[in-house]
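**Student:** So that we are looking at the same thing, I have put the structure below in structure tokens.
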Amino acid sequence: MNVVIVGYGMAGSRLAAELHARDGDLKVVVLGAEPHRAYNRIMLSTLLAGKVAEPDVELAEVAGQGVDVRTGVQVTTIDRDARVVHTDDGDRIPYDHLVLATGSRAIVPPLPGLDPADLPERVVPFRTLDDCRRILAAAEGARSALVLGGGLLGLEAARGLAARGLDVGVVHPVPYLMERQLDPTGAAVLAGTLAGLGVTTHLAVAATRVAADADGVRLDLADGRSLSADLLVISCGVRPDTALAAAAGLAVERGVVVDDQLRTGDPRISAIGDCAQHDGTLTGLVAPAWAQARVLAQALTGEDPAARYRPRPVVTRLKAAGIDLAAMGDPADGPGEELTFADPARGTYARLRIHEERLTAAILLGDNPSVGQVVQLFDRGAPVPADRRALLLGRALGGTAAAPAESPALMPDAATVCQCNDVRKGALVACWRAGARTVDEVVATTRAATGCGGCREAVAGIVDWLSEADSVGATR
Ligand SMILES: Cc1cc2nc3c(=O)[nH]c(=O)nc-3n(C[C@H](O)[C@H](O)[C@H](O)COP(=O)(O)OP(=O)(O)OC[C@H]3O[C@@H](n4cnc5c(N)ncnc54)[C@H](O)[C@@H]3O)c2cc1C
């Protein structure tokens, strides 16, 4: 069977790897419009901040191992009757099964002075590796930057540029930052933390015009102010790339509509990742994209023809040095009781919603040692401990460090350690028992910590614990 994957991003490359790993009798062709080998898009924030170099964001490739990967090739049309796709280099590639993994595109707002098809050199969206290279080139020798959009990615970009020594201003049309994940109080604490790191926020004000030339960028605001800087990063959200699917007559709402098996209305065409809309929802995150890739691989290889995609609770974490932020669910919504704690001077804010002894939502900002435990409780729907203050403050009564469940020994095997790849503690222990002895070996086998990398310390902690416990025979 010929499987053609359109898009060599996070979802397309993972699907190719999952198909390859299952060694089914499939011929796989991956067509990627970007000229690069597969890279970890979510690490672009870390690359921008200078914490890693380009080679560190490359993803393990399966190209050349029975998988035909063609980069710099854009699919222009799908002919569903003939079951072929046409590419911009004039090729015509037949498929038995076609997978759309076309991702999202950065939204460039319709402002006077901004032509999305011809952006000035100093005005750059933040979505691709090429965008990241352009931002870094413009930041070279620059003293100041503006970021349009105070959502998660805008703030990661702002923090990264500030870490490079630039004065950064964030312009956000909403009265508070990260309104999809935070509440006004938490966002105010975050704005205070950002200010201390060299990022100024301009809230509740829309941009009205952009003027850019070789010397810099000017951003006019609706309140009459004009802000100037050496470069402008646009982070105004993304839109699923659905044009190909729509032109082929597939059902498209906000994304390409798929069922639990990731199938579109055409049983020979599936969609996964940012471009797919499952159960009315767009995901926009890597964990669901990789879960979908796994489910589709199980179905296409015949390993589990009945495999179904089931969404899991989403935990959002800001990848910005000096800012610890985890948000899950909507603490302002739903039944149950609410616990809050704010200490703006220390950049700390916590809000938990608990219903029937289960954690249904949380915001944790600032250094809170309970964050791992809170994520676990949310993820597994496990009962919260009697002393809820320990979760809220990261300290148990009496001032001792809390979070006993963060000790690997007390973590249940079902606890998810790596959210991006859905790797549980039990899988890490099994990997150790099978012979892996270093963090790198455990990571290579289980894929834990290969997404956003935020769990690497936790993985290292488990490896240390196993190593110590092994020496006294405790884990066998
Ligand atoms: C800076 C940044 C930080 C992020 N941080 C996080 C994070 O911390 N956690 C998280 O979960 N998510 C994060 N995300 C979101 C995450 O990267 C996406 O959810 C993920 O990349 C989706 O994977 P995808 O394969 O669906 O789309 P993409 O990775 O966008 O890949 C789609 C690919 O398809 C190609 N394509 C499109 N149309 C065609 C065509 N017609 N022919 C050929 N190729 C085509 C595109 O060029 C692109 O390479 C971040 C995103 C960015 C930009």
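Labeling convention for the structure tokens: chains A, B, ... as they appear, residues from 1 per chain, ligands from 1 in order of appearance.
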With a distance cut-off of 12 Å and only C-alpha atoms, select the neighbouring residues of Leu377 (chain A), excluding the residue or stretch itself and same-chain residues fewer than 4 positions from it, and output the selection as an MDAnalysis selection string.
**Tutor:** chainID A and resid 313 315 328 352:354 357:362 370:373 381:385 388 391 403 405:406 411:412 414:416
**Student:** If you run DSSP on the backbone, which residues of region 283-352 of chain A are helix (DSSP H, G or I), as a VMD selection string?
**Tutor:** chain A and resid 286 to 300 344 to 346
**Student:** Mind checking DSSP for region 340-400 of chain A and telling me the strand (DSSP E or B) residues as number ranges by chain?
**Tutor:** A: 340-343, 348-355, 358-365, 383, 395
**Student:** What would the file look like if the residues just selected were written as a PDB file, in the first residue's frame with C-alpha atoms?
**Tutor:**
ATOM      1  CA  THR A 340      -6.123  30.994  45.437  1.00  0.00           C
ATOM      2  CA  PHE A 341      -2.877  32.457  46.675  1.00  0.00           C
ATOM      3  CA  ALA A 342      -1.080  35.534  45.326  1.00  0.00           C
ATOM      4  CA  ASP A 343       2.252  37.054  46.302  1.00  0.00           C
ATOM      5  CA  THR A 348       3.897  33.892  42.767  1.00  0.00           C
ATOM      6  CA  TYR A 349       0.290  33.093  42.007  1.00  0.00           C
ATOM      7  CA  ALA A 350      -1.698  29.887  42.370  1.00  0.00           C
ATOM      8  CA  ARG A 351      -5.315  29.082  41.679  1.00  0.00           C
ATOM      9  CA  LEU A 352      -6.826  25.625  41.959  1.00  0.00           C
ATOM     10  CA  ARG A 353     -10.319  24.369  41.278  1.00  0.00           C
ATOM     11  CA  ILE A 354     -11.318  21.193  43.082  1.00  0.00           C
ATOM     12  CA  HIS A 355     -14.547  19.332  42.493  1.00  0.00           C
ATOM     13  CA  ARG A 358     -10.474  15.995  42.108  1.00  0.00           C
ATOM     14  CA  LEU A 359      -8.395  18.815  40.637  1.00  0.00           C
ATOM     15  CA  THR A 360     -10.249  20.141  37.587  1.00  0.00           C
ATOM     16  CA  ALA A 361      -8.140  23.208  36.776  1.00  0.00           C
ATOM     17  CA  ALA A 362      -5.062  25.065  37.978  1.00  0.00           C
ATOM     18  CA  ILE A 363      -2.768  27.987  37.330  1.00  0.00           C
ATOM     19  CA  LEU A 364       0.635  27.854  39.007  1.00  0.00           C
ATOM     20  CA  LEU A 365       2.963  30.785  38.444  1.00  0.00           C
ATOM     21  CA  PRO A 383      -7.987  12.453  44.648  1.00  0.00           C
ATOM     22  CA  ARG A 395       4.835  23.835  51.282  1.00  0.00           C
TER      23      ARG A 395
END
**Student:** Could you work out how far CA of Thr316 (chain A) lies from CA of Gly334 (chain A), giving the answer in Å with one decimal?
**Tutor:**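 According to the coordinates, CA of Gly334 (chain A) and CA of Thr316 (chain A) are separated by 19.0 Å.
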**Student:** Using only C-alpha atoms and all ligand atoms, which protein or nucleic acid residues are at most 6 Å from ligand 1, as a PyMOL selection string?
**Tutor:** chain A and resi 6-12+31-34+41-42+44-45+73-76+101-104+126-127+153+273-275+284-287+452
**Student:** From the set A:Val210, A:Ala306, A:Val62, A:Leu325, which residue has the shortest atom-to-atom contact distance to Ala222 (chain A), counting only C-alpha atoms?
**Tutor:**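 Looking at the shortest contact to Ala222 (chain A), the residue is A:Val210.
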